[in-house]
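File shown: upload.json. Contents: JSON, C-alpha atoms.
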```
[["chain", "number", "residue", "atom", "x", "y", "z"],
["H", 6, "MET", "CA", -2.89, 29.15, 15.95],
["H", 7, "LEU", "CA", -2.56, 30.80, 12.53],
["H", 8, "VAL", "CA", 1.24, 30.52, 12.65],
["H", 9, "TYR", "CA", 0.96, 26.86, 13.64],
["H", 10, "ARG", "CA", -1.40, 26.09, 10.75],
["H", 11, "LEU", "CA", 0.85, 27.96, 8.31],
["H", 12, "THR", "CA", 3.82, 25.93, 9.57],
["H", 13, "GLN", "CA", 1.89, 22.72, 9.04],
["H", 14, "LEU", "CA", 0.90, 23.86, 5.54],
["H", 15, "PHE", "CA", 4.51, 24.70, 4.70],
["H", 16, "ASP", "CA", 5.77, 21.34, 5.97],
["H", 17, "SER", "CA", 3.04, 19.50, 4.08],
["H", 18, "VAL", "CA", 3.81, 21.33, 0.83],
["H", 19, "LYS", "CA", 7.53, 20.72, 1.37],
["H", 20, "HIS", "CA", 6.86, 17.01, 1.90],
["H", 21, "THR", "CA", 4.72, 16.89, -1.24],
["H", 22, "LEU", "CA", 7.34, 18.70, -3.32],
["H", 23, "PHE", "CA", 9.99, 16.33, -2.01],
["H", 24, "ILE", "CA", 7.96, 13.33, -3.14],
["H", 25, "ILE", "CA", 7.17, 14.83, -6.54],
["H", 26, "GLY", "CA", 10.73, 16.09, -6.97],
["H", 27, "THR", "CA", 12.18, 12.71, -6.10],
["H", 28, "SER", "CA", 9.82, 11.06, -8.57],
["H", 29, "LEU", "CA", 10.90, 13.47, -11.31],
["H", 30, "ILE", "CA", 14.58, 12.88, -10.59],
["H", 31, "VAL", "CA", 14.03, 9.14, -10.74],
["H", 32, "PHE", "CA", 12.02, 9.63, -13.91],
["H", 33, "LEU", "CA", 14.83, 11.55, -15.61],
["H", 34, "ALA", "CA", 17.44, 9.06, -14.45],
["H", 35, "LEU", "CA", 15.42, 6.09, -15.64],
["H", 36, "ARG", "CA", 14.72, 7.78, -18.93],
["H", 37, "ASN", "CA", 18.39, 7.83, -19.83],
["H", 38, "SER", "CA", 19.47, 4.52, -18.34],
["H", 39, "ILE", "CA", 17.01, 1.75, -17.63],
["H", 40, "VAL", "CA", 14.82, 2.61, -20.60],
["H", 41, "TRP", "CA", 17.79, 2.36, -22.92],
["H", 42, "HIS", "CA", 18.75, -1.05, -21.53],
["H", 43, "MET", "CA", 15.16, -2.25, -21.67],
["H", 44, "GLN", "CA", 14.90, -1.21, -25.28],
["H", 45, "GLN", "CA", 18.15, -2.96, -26.11],
["H", 46, "PHE", "CA", 16.93, -6.15, -24.45],
["H", 47, "TRP", "CA", 13.35, -6.21, -25.71],
["H", 48, "GLY", "CA", 13.77, -4.21, -28.89],
["H", 49, "ALA", "CA", 13.26, -0.53, -29.50],
["H", 50, "SER", "CA", 9.59, -1.08, -30.29],
["H", 51, "GLY", "CA", 8.83, -2.66, -26.95],
["H", 52, "ASP", "CA", 7.77, -5.78, -28.78],
["H", 53, "PHE", "CA", 8.31, -8.00, -25.74],
["H", 54, "TRP", "CA", 5.64, -6.37, -23.57],
["H", 55, "GLN", "CA", 3.39, -5.96, -26.57],
["H", 56, "ARG", "CA", 3.43, -9.70, -27.23],
["H", 57, "GLN", "CA", 2.91, -10.62, -23.58],
["H", 58, "TRP", "CA", -0.11, -8.35, -23.27],
["H", 59, "GLU", "CA", -1.49, -9.60, -26.59],
["H", 60, "ASN", "CA", -1.23, -13.18, -25.32],
["H", 61, "LEU", "CA", -3.06, -12.22, -22.14],
["H", 62, "PHE", "CA", -5.69, -10.26, -24.08],
["H", 63, "ASN", "CA", -6.29, -13.24, -26.39],
["H", 64, "PHE", "CA", -6.42, -15.65, -23.43],
["H", 65, "PHE", "CA", -9.47, -13.74, -22.18],
["H", 66, "GLY", "CA", -11.03, -13.89, -25.63],
["H", 67, "GLN", "CA", -10.28, -10.20, -26.29],
["H", 68, "ASN", "CA", -13.07, -9.45, -23.83],
["H", 69, "GLU", "CA", -12.14, -6.20, -22.08],
["H", 70, "MET", "CA", -14.69, -6.60, -19.30],
["H", 71, "LEU", "CA", -13.51, -10.13, -18.51],
["H", 72, "LEU", "CA", -9.86, -9.10, -18.46],
["H", 73, "SER", "CA", -10.57, -5.99, -16.38],
["H", 74, "THR", "CA", -12.62, -7.85, -13.76],
["H", 75, "VAL", "CA", -11.77, -11.54, -13.56],
["H", 76, "GLY", "CA", -8.25, -10.92, -14.86],
["H", 77, "SER", "CA", -7.69, -8.16, -12.31],
["H", 78, "PHE", "CA", -9.07, -10.39, -9.55],
["H", 79, "ILE", "CA", -6.68, -13.23, -10.44],
["H", 80, "PHE", "CA", -3.72, -10.88, -10.78],
["H", 81, "THR", "CA", -4.24, -8.91, -7.56],
["H", 82, "SER", "CA", -5.09, -12.02, -5.53],
["H", 83, "SER", "CA", -1.93, -13.72, -6.76],
["H", 84, "VAL", "CA", 0.21, -10.71, -5.85],
["H", 85, "PHE", "CA", -1.38, -10.50, -2.41],
["H", 86, "TRP", "CA", -0.94, -14.12, -1.39],
["H", 87, "LEU", "CA", 2.53, -14.47, -2.90],
["H", 88, "SER", "CA", 3.56, -11.36, -0.95],
["H", 89, "ASN", "CA", 2.09, -12.75, 2.26],
["H", 90, "ILE", "CA", 2.94, -16.46, 2.28],
["H", 91, "PHE", "CA", 6.46, -16.12, 3.69],
["H", 92, "LEU", "CA", 5.38, -13.66, 6.39],
["H", 93, "MET", "CA", 2.47, -15.92, 7.34],
["H", 94, "VAL", "CA", 4.86, -18.82, 7.89],
["H", 95, "LEU", "CA", 7.14, -16.56, 9.93],
["H", 96, "ASP", "CA", 4.25, -15.38, 12.12],
["H", 97, "VAL", "CA", 2.93, -18.85, 12.93],
["H", 98, "THR", "CA", 6.14, -20.90, 13.15],
["H", 99, "GLY", "CA", 8.75, -18.32, 14.11],
["H", 100, "TRP", "CA", 10.91, -19.59, 11.27],
["H", 101, "PRO", "CA", 13.43, -18.41, 10.33],
["H", 102, "ALA", "CA", 14.21, -17.39, 13.91],
["H", 103, "SER", "CA", 16.89, -14.97, 12.71],
["H", 104, "LEU", "CA", 14.14, -12.59, 11.56],
["H", 105, "LEU", "CA", 12.31, -12.38, 14.88],
["H", 106, "LYS", "CA", 14.73, -9.71, 16.05],
["H", 107, "TYR", "CA", 13.08, -7.35, 13.54],
["H", 108, "LYS", "CA", 9.65, -7.68, 15.18],
["H", 109, "ILE", "CA", 8.34, -4.22, 16.13],
["H", 110, "GLN", "CA", 5.96, -5.21, 18.94],
["H", 111, "ASN", "CA", 7.90, -8.28, 20.02],
["H", 112, "SER", "CA", 5.60, -9.05, 22.96],
["H", 113, "LYS", "CA", 2.54, -9.61, 20.75],
["H", 114, "ASN", "CA", 1.67, -12.25, 18.14],
["H", 115, "CYS", "CA", 5.07, -13.88, 18.45],
["H", 116, "PRO", "CA", 4.29, -16.60, 17.66],
["H", 117, "LEU", "CA", 0.80, -16.09, 16.31],
["H", 118, "ARG", "CA", -1.85, -18.65, 17.22],
["H", 119, "LEU", "CA", -2.89, -20.74, 14.24],
["H", 120, "SER", "CA", -6.56, -20.06, 15.04],
["H", 121, "ASP", "CA", -5.96, -16.30, 14.73],
["H", 122, "MET", "CA", -4.21, -16.79, 11.40],
["H", 123, "LYS", "CA", -7.13, -18.87, 10.10],
["H", 124, "ARG", "CA", -9.56, -16.18, 11.22],
["H", 125, "ALA", "CA", -7.58, -13.50, 9.37],
["H", 126, "ILE", "CA", -7.32, -15.61, 6.20],
["H", 127, "LYS", "CA", -11.05, -16.31, 6.24],
["H", 128, "VAL", "CA", -11.92, -12.59, 6.34],
["H", 129, "ALA", "CA", -9.32, -11.75, 3.69],
["H", 130, "LEU", "CA", -10.69, -14.38, 1.29],
["H", 131, "PHE", "CA", -14.25, -13.22, 1.90],
["H", 132, "ASN", "CA", -13.29, -9.65, 1.05],
["H", 133, "GLN", "CA", -11.40, -10.67, -2.07],
["H", 134, "ILE", "CA", -14.06, -12.98, -3.47],
["H", 135, "VAL", "CA", -17.48, -11.99, -2.14],
["H", 136, "VAL", "CA", -16.82, -8.24, -1.83],
["H", 137, "GLY", "CA", -13.94, -7.51, -4.19],
["H", 138, "LEU", "CA", -15.00, -9.36, -7.31],
["H", 139, "PRO", "CA", -18.45, -7.68, -7.63],
["H", 140, "THR", "CA", -16.92, -4.29, -6.81],
["H", 141, "SER", "CA", -14.38, -4.76, -9.60],
["H", 142, "PHE", "CA", -17.26, -4.78, -12.08],
["H", 143, "LEU", "CA", -18.41, -1.37, -10.81],
["H", 144, "ILE", "CA", -14.87, -0.02, -11.02],
["H", 145, "TYR", "CA", -14.61, -1.40, -14.56],
["H", 146, "TRP", "CA", -17.69, 0.49, -15.72],
["H", 147, "VAL", "CA", -16.39, 3.74, -14.21],
["H", 148, "MET", "CA", -13.00, 3.22, -15.85],
["H", 149, "LYS", "CA", -14.67, 2.40, -19.17],
["H", 150, "TRP", "CA", -16.75, 5.59, -18.91],
["H", 151, "ARG", "CA", -13.51, 7.51, -18.26],
["H", 152, "GLY", "CA", -11.93, 6.06, -21.41],
["H", 153, "CYS", "CA", -9.57, 3.56, -19.80],
["H", 154, "THR", "CA", -8.61, 0.70, -22.09],
["H", 155, "CYS", "CA", -6.85, -2.64, -22.03],
["H", 156, "SER", "CA", -6.20, -3.07, -25.73],
["H", 157, "PRO", "CA", -2.69, -4.24, -26.72],
["H", 158, "ASN", "CA", -2.65, -1.44, -29.27],
["H", 159, "ASP", "CA", -2.85, 1.24, -26.56],
["H", 160, "LEU", "CA", -0.04, 0.17, -24.22],
["H", 161, "PRO", "CA", 1.61, 3.24, -22.66],
["H", 162, "THR", "CA", 5.29, 4.07, -22.95],
["H", 163, "PHE", "CA", 7.59, 3.47, -20.01],
["H", 164, "HIS", "CA", 8.09, 7.23, -19.56],
["H", 165, "TRP", "CA", 4.35, 7.83, -19.29],
["H", 166, "VAL", "CA", 3.89, 5.00, -16.80],
["H", 167, "VAL", "CA", 6.49, 6.54, -14.47],
["H", 168, "PHE", "CA", 4.61, 9.84, -14.59],
["H", 169, "GLU", "CA", 1.30, 8.05, -13.98],
["H", 170, "LEU", "CA", 2.69, 6.31, -10.91],
["H", 171, "SER", "CA", 3.54, 9.69, -9.40],
["H", 172, "VAL", "CA", -0.02, 10.93, -9.95],
["H", 173, "PHE", "CA", -1.48, 7.65, -8.66],
["H", 174, "SER", "CA", 0.55, 7.98, -5.46],
["H", 175, "LEU", "CA", -0.82, 11.43, -4.70],
["H", 176, "ALA", "CA", -4.37, 10.33, -5.55],
["H", 177, "ILE", "CA", -4.24, 7.35, -3.18],
["H", 178, "GLU", "CA", -2.85, 9.56, -0.43],
["H", 179, "ILE", "CA", -5.89, 11.81, -0.70],
["H", 180, "GLY", "CA", -8.43, 9.00, -1.13],
["H", 181, "PHE", "CA", -7.07, 6.77, 1.59],
["H", 182, "TYR", "CA", -6.39, 9.49, 4.15],
["H", 183, "TYR", "CA", -9.88, 10.97, 4.11],
["H", 184, "SER", "CA", -11.75, 7.66, 3.81],
["H", 185, "HIS", "CA", -9.63, 6.21, 6.60],
["H", 186, "ARG", "CA", -10.11, 9.19, 8.84],
["H", 187, "LEU", "CA", -13.85, 9.14, 8.14],
["H", 188, "LEU", "CA", -13.95, 5.55, 9.36],
["H", 189, "HIS", "CA", -12.42, 6.71, 12.65],
["H", 190, "HIS", "CA", -15.46, 8.91, 13.31],
["H", 191, "PRO", "CA", -17.09, 7.56, 16.50],
["H", 192, "LYS", "CA", -20.38, 6.84, 14.74],
["H", 193, "LEU", "CA", -18.62, 4.71, 12.10],
["H", 194, "TYR", "CA", -15.64, 3.30, 13.97],
["H", 195, "ARG", "CA", -17.63, 1.08, 16.33],
["H", 196, "HIS", "CA", -19.68, -0.48, 13.53],
["H", 197, "ILE", "CA", -17.11, -0.69, 10.73],
["H", 198, "HIS", "CA", -13.45, 0.13, 11.32],
["H", 199, "LYS", "CA", -13.15, -1.45, 14.76],
["H", 200, "GLN", "CA", -12.88, -4.86, 13.10],
["H", 201, "HIS", "CA", -9.61, -3.89, 11.44],
["H", 202, "HIS", "CA", -8.29, -2.53, 14.73],
["H", 203, "GLU", "CA", -8.84, -5.79, 16.56],
["H", 204, "TRP", "CA", -5.19, -6.23, 15.66],
["H", 205, "THR", "CA", -3.21, -3.75, 17.76],
["H", 206, "ALA", "CA", -0.08, -5.56, 16.59],
["H", 207, "PRO", "CA", -0.84, -6.17, 12.90],
["H", 208, "ILE", "CA", 0.33, -8.98, 10.66],
["H", 209, "SER", "CA", 0.65, -8.81, 6.89],
["H", 210, "VAL", "CA", -2.63, -10.51, 5.93],
["H", 211, "VAL", "CA", -4.53, -8.06, 8.16],
["H", 212, "SER", "CA", -4.10, -5.41, 5.47],
["H", 213, "ILE", "CA", -7.46, -6.56, 4.05],
["H", 214, "TYR", "CA", -8.92, -7.86, 7.30],
["H", 215, "ALA", "CA", -11.80, -5.40, 7.42],
["H", 216, "HIS", "CA", -15.52, -4.84, 7.35],
["H", 217, "PRO", "CA", -16.86, -5.25, 3.76],
["H", 218, "MET", "CA", -17.82, -1.56, 3.59],
["H", 219, "GLU", "CA", -14.31, -0.55, 4.64],
["H", 220, "HIS", "CA", -12.78, -2.90, 2.10],
["H", 221, "VAL", "CA", -14.65, -1.11, -0.68],
["H", 222, "LEU", "CA", -14.30, 2.43, 0.66],
["H", 223, "SER", "CA", -10.63, 2.36, 1.75],
["H", 224, "ASN", "CA", -9.00, -0.66, 0.13],
["H", 225, "MET", "CA", -10.48, -0.69, -3.38],
["H", 226, "ILE", "CA", -11.63, 2.80, -4.35],
["H", 227, "PRO", "CA", -8.52, 4.87, -3.40],
["H", 228, "PRO", "CA", -6.11, 2.77, -5.54],
["H", 229, "ALA", "CA", -8.51, 3.14, -8.49],
["H", 230, "LEU", "CA", -8.77, 6.94, -8.24],
["H", 231, "GLY", "CA", -5.47, 7.64, -10.01],
["H", 232, "PRO", "CA", -6.11, 5.36, -13.00],
["H", 233, "ILE", "CA", -9.63, 6.78, -13.35],
["H", 234, "LEU", "CA", -8.34, 10.35, -13.15],
["H", 235, "MET", "CA", -5.66, 9.69, -15.78],
["H", 236, "GLY", "CA", -7.79, 7.45, -18.01],
["H", 237, "SER", "CA", -5.01, 4.90, -17.73],
["H", 238, "HIS", "CA", -4.41, 1.61, -19.49],
["H", 239, "LEU", "CA", -5.19, -1.50, -17.45],
["H", 240, "ALA", "CA", -1.51, -2.48, -17.54],
["H", 241, "SER", "CA", -0.61, 0.73, -15.67],
["H", 242, "SER", "CA", -3.37, 0.02, -13.14],
["H", 243, "TRP", "CA", -2.12, -3.52, -12.57],
["H", 244, "LEU", "CA", 1.41, -2.29, -11.97],
["H", 245, "PHE", "CA", 0.23, 0.28, -9.44],
["H", 246, "TRP", "CA", -2.15, -2.12, -7.71],
["H", 247, "ALA", "CA", 0.66, -4.63, -7.33],
["H", 248, "LEU", "CA", 2.84, -1.95, -5.73],
["H", 249, "VAL", "CA", -0.03, -0.95, -3.42],
["H", 250, "LEU", "CA", -0.62, -4.55, -2.31],
["H", 251, "MET", "CA", 3.05, -5.14, -1.62],
["H", 252, "SER", "CA", 3.30, -1.81, 0.20],
["H", 253, "THR", "CA", 0.32, -2.45, 2.47],
["H", 254, "THR", "CA", 1.63, -5.95, 3.15],
["H", 255, "VAL", "CA", 4.89, -4.48, 4.40],
["H", 256, "ALA", "CA", 3.07, -1.71, 6.31],
["H", 257, "HIS", "CA", 1.05, -4.30, 8.26],
["H", 258, "CYS", "CA", 3.65, -7.06, 8.57],
["H", 259, "GLY", "CA", 4.90, -6.04, 12.03],
["H", 260, "TYR", "CA", 8.56, -6.51, 11.09],
["H", 261, "HIS", "CA", 11.00, -3.71, 10.27],
["H", 262, "LEU", "CA", 13.04, -5.76, 7.84],
["H", 263, "PRO", "CA", 16.24, -4.67, 6.08],
["H", 264, "PHE", "CA", 15.90, -3.04, 2.65],
["H", 265, "LEU", "CA", 12.10, -2.80, 2.84],
["H", 266, "PRO", "CA", 10.04, 0.36, 3.48],
["H", 267, "SER", "CA", 9.63, 1.16, 7.16],
["H", 268, "PRO", "CA", 6.32, -0.08, 8.64],
["H", 269, "GLU", "CA", 6.78, 1.94, 11.83],
["H", 270, "ALA", "CA", 4.18, 4.59, 10.94],
["H", 271, "HIS", "CA", 1.26, 2.27, 10.30],
["H", 272, "ASP", "CA", 2.26, -0.09, 13.09],
["H", 273, "TYR", "CA", 2.07, 2.94, 15.39],
["H", 274, "HIS", "CA", -1.40, 3.68, 13.99],
["H", 275, "HIS", "CA", -2.60, 0.24, 15.06],
["H", 276, "LEU", "CA", -1.03, 0.74, 18.46],
["H", 277, "LYS", "CA", -2.46, 4.22, 19.14],
["H", 278, "PHE", "CA", -5.46, 4.42, 16.74],
["H", 279, "ASN", "CA", -5.45, 8.22, 16.29],
["H", 280, "GLN", "CA", -2.17, 8.80, 14.44],
["H", 281, "ASN", "CA", -0.90, 8.28, 10.87],
["H", 282, "PHE", "CA", -4.04, 7.90, 8.77],
["H", 283, "GLY", "CA", -2.39, 8.35, 5.38],
["H", 284, "VAL", "CA", -0.01, 6.52, 3.08],
["H", 285, "LEU", "CA", 2.72, 9.03, 2.31],
["H", 286, "GLY", "CA", 2.42, 11.14, 5.46],
["H", 287, "VAL", "CA", 1.72, 14.35, 3.54],
["H", 288, "LEU", "CA", -1.84, 14.88, 4.79],
["H", 289, "ASP", "CA", -0.97, 13.63, 8.27],
["H", 290, "ARG", "CA", 1.57, 16.42, 8.50],
["H", 291, "PHE", "CA", -0.89, 18.98, 7.09],
["H", 292, "HIS", "CA", -3.67, 18.03, 9.52],
["H", 293, "GLY", "CA", -1.37, 17.41, 12.48],
["H", 294, "THR", "CA", -2.41, 13.77, 12.81],
["H", 295, "ASP", "CA", 1.18, 12.64, 13.23],
["H", 296, "SER", "CA", 2.21, 14.91, 16.12],
["H", 297, "GLN", "CA", 2.37, 12.12, 18.72],
["H", 298, "PHE", "CA", 4.13, 9.84, 16.28],
["H", 299, "ARG", "CA", 6.78, 12.47, 15.50],
["H", 300, "ALA", "CA", 7.51, 12.78, 19.22],
["H", 301, "SER", "CA", 7.76, 9.02, 19.72],
["H", 302, "LEU", "CA", 10.57, 6.49, 19.66],
["H", 303, "ALA", "CA", 8.84, 4.84, 16.69],
["H", 304, "TYR", "CA", 9.43, 7.99, 14.63],
["H", 305, "GLN", "CA", 13.15, 7.86, 15.40],
["H", 306, "ARG", "CA", 13.10, 4.30, 14.08],
["H", 307, "HIS", "CA", 11.08, 5.24, 10.99],
["H", 308, "PHE", "CA", 13.76, 4.94, 8.30],
["H", 309, "LEU", "CA", 14.85, 2.53, 5.59],
["H", 310, "LEU", "CA", 16.98, -0.11, 7.28],
["H", 311, "LEU", "CA", 20.13, -0.57, 5.19],
["H", 312, "SER", "CA", 21.92, -3.02, 7.46],
["H", 313, "THR", "CA", 21.15, -6.25, 9.29],
["H", 314, "VAL", "CA", 21.27, -4.52, 12.68],
["H", 315, "PRO", "CA", 17.66, -4.15, 13.95],
["H", 316, "VAL", "CA", 16.37, -0.62, 14.49],
["H", 317, "SER", "CA", 15.65, -1.59, 18.10],
["H", 318, "GLN", "CA", 19.42, -1.86, 18.58],
["H", 319, "GLN", "CA", 20.29, 1.20, 16.50],
["H", 320, "VAL", "CA", 17.71, 3.30, 18.35],
["H", 321, "PRO", "CA", 17.30, 1.53, 21.70],
["H", 322, "GLU", "CA", 14.72, 2.22, 24.37],
["H", 323, "PRO", "CA", 15.88, 5.06, 26.64],
["H", 324, "SER", "CA", 17.43, 3.73, 29.79],
["H", 325, "LYS", "CA", 15.29, 4.06, 32.91],
["H", 326, "LYS", "CA", 16.68, 6.26, 35.63],
["H", 327, "THR", "CA", 17.43, 4.34, 38.77],
["H", 328, "SER", "CA", 16.95, 5.97, 42.10],
["H", 329, "GLU", "CA", 20.06, 6.19, 44.24]]
```
Now that the file is in, can you turn its structure into structure tokens?
Amino acid sequence: MLVYRLTQLFDSVKHTLFIIGTSLIVFLALRNSIVWHMQQFWGASGDFWQRQWENLFNFFGQNEMLLSTVGSFIFTSSVFWLSNIFLMVLDVTGWPASLLKYKIQNSKNCPLRLSDMKRAIKVALFNQIVVGLPTSFLIYWVMKWRGCTCSPNDLPTFHWVVFELSVFSLAIEIGFYYSHRLLHHPKLYRHIHKQHHEWTAPISVVSIYAHPMEHVLSNMIPPALGPILMGSHLASSWLFWALVLMSTTVAHCGYHLPFLPSPEAHDYHHLKFNQNFGVLGVLDRFHGTDSQFRASLAYQRHFLLLSTVPVSQQVPEPSKKTSE
């Protein structure tokens, strides 16, 4: 048992170092390439972003609370629905049909009943407006206490934002994994998290189809942990929250589409319930909550698809033995 736990610890640390190392490599590469081009395009002083944020800051009357709450609500809601609209059309209409071959669980929700889509949208809107907007005020006060700002005069450099995103990613892995796993406790699952798992074959909008308590505990607090820890500027938070919303949209979409992150891990979680609780997979490996997944066909298909050939064709179902 001790050897097994040490092996898990080693693999988890290795996975973490890989993620951090990759981030640092990207950071160094971007520092000497993209940053230079950005500075040439927008000016060495970063005047372009400065002016855009100043315009936004002035639009909200230079009111930091209003920008941090109502502004954040408008921004994140826009990102969410713009990320989902195409996938929602695909789920209900089956158009374009050429994408249906990328469906992971192709026997479920294909096509999706319009009534089910309406039900999912209703819950998502409730969580965004009735639950999310008031919670954003609480998050604002915590971020203000931590020293976070949204002033145009305090915009971070591009280099610092890249570093922040790495820290944010590790923070959300910790926050989401443990809050998510807590919600799978039998005494909580039946009353709270079971609502989210009504969808054994998820669709994109289901990413925030959840009990109000879960929406706060798992969907809103974990993405805010990194910015609070770092005392980050609101612009950094918005960038990360946009990435989180697009990521969870893909993770729940039910389609393993070319050139997008693989949703196989979280789709498997909805199918089996007791695997893949995290975001990055680091803590799943450490706690052994991905053992069934790693032995499954879904794990073999869990890679970035860089061609138009579906993973179901690249890694087909094993042929059944026929009796002679």
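Atom to atom, CA of Tyr107 in chain H and CA of Met122 in chain H stand 19.8 Å apart.
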Residues near Leu276 in chain H, anyone? I mean within 7 Å using all atoms listed in the file, not counting same-chain ones fewer than 4 positions away, as a ChimeraX atom specification. /H:205-206,272
Selection near Ser296 in chain H, 10 Å with all atoms listed in the file, sequence-local residues under 6 positions removed, as a PyMOL selection string: chain H and resi 280-281+289-290
Using only C-alpha atoms, find the one residue out of H:Leu117, H:Leu222, H:Cys155, H:Val147 that sits nearest to Trp243 in chain H. H:Cys155
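In this model, the gap between CA of Ser241 in chain H and CA of Asn63 in chain H comes to 18.5 Å.
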Residues near Pro227 in chain H, anyone? I mean within 10 Å using only C-alpha atoms, not counting same-chain ones fewer than 3 positions away, as an MDAnalysis selection string. chainID H and resid 173:174 176:184 221:224 230:232
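Proximity ranking of H:Lys127, H:His216, H:His257, H:His189 relative to Asn89 in chain H places H:His257 first, based on only C-alpha atoms.
The two atoms in question, CA of Val136 in chain H and CA of Pro157 in chain H, are spaced 28.9 Å apart.
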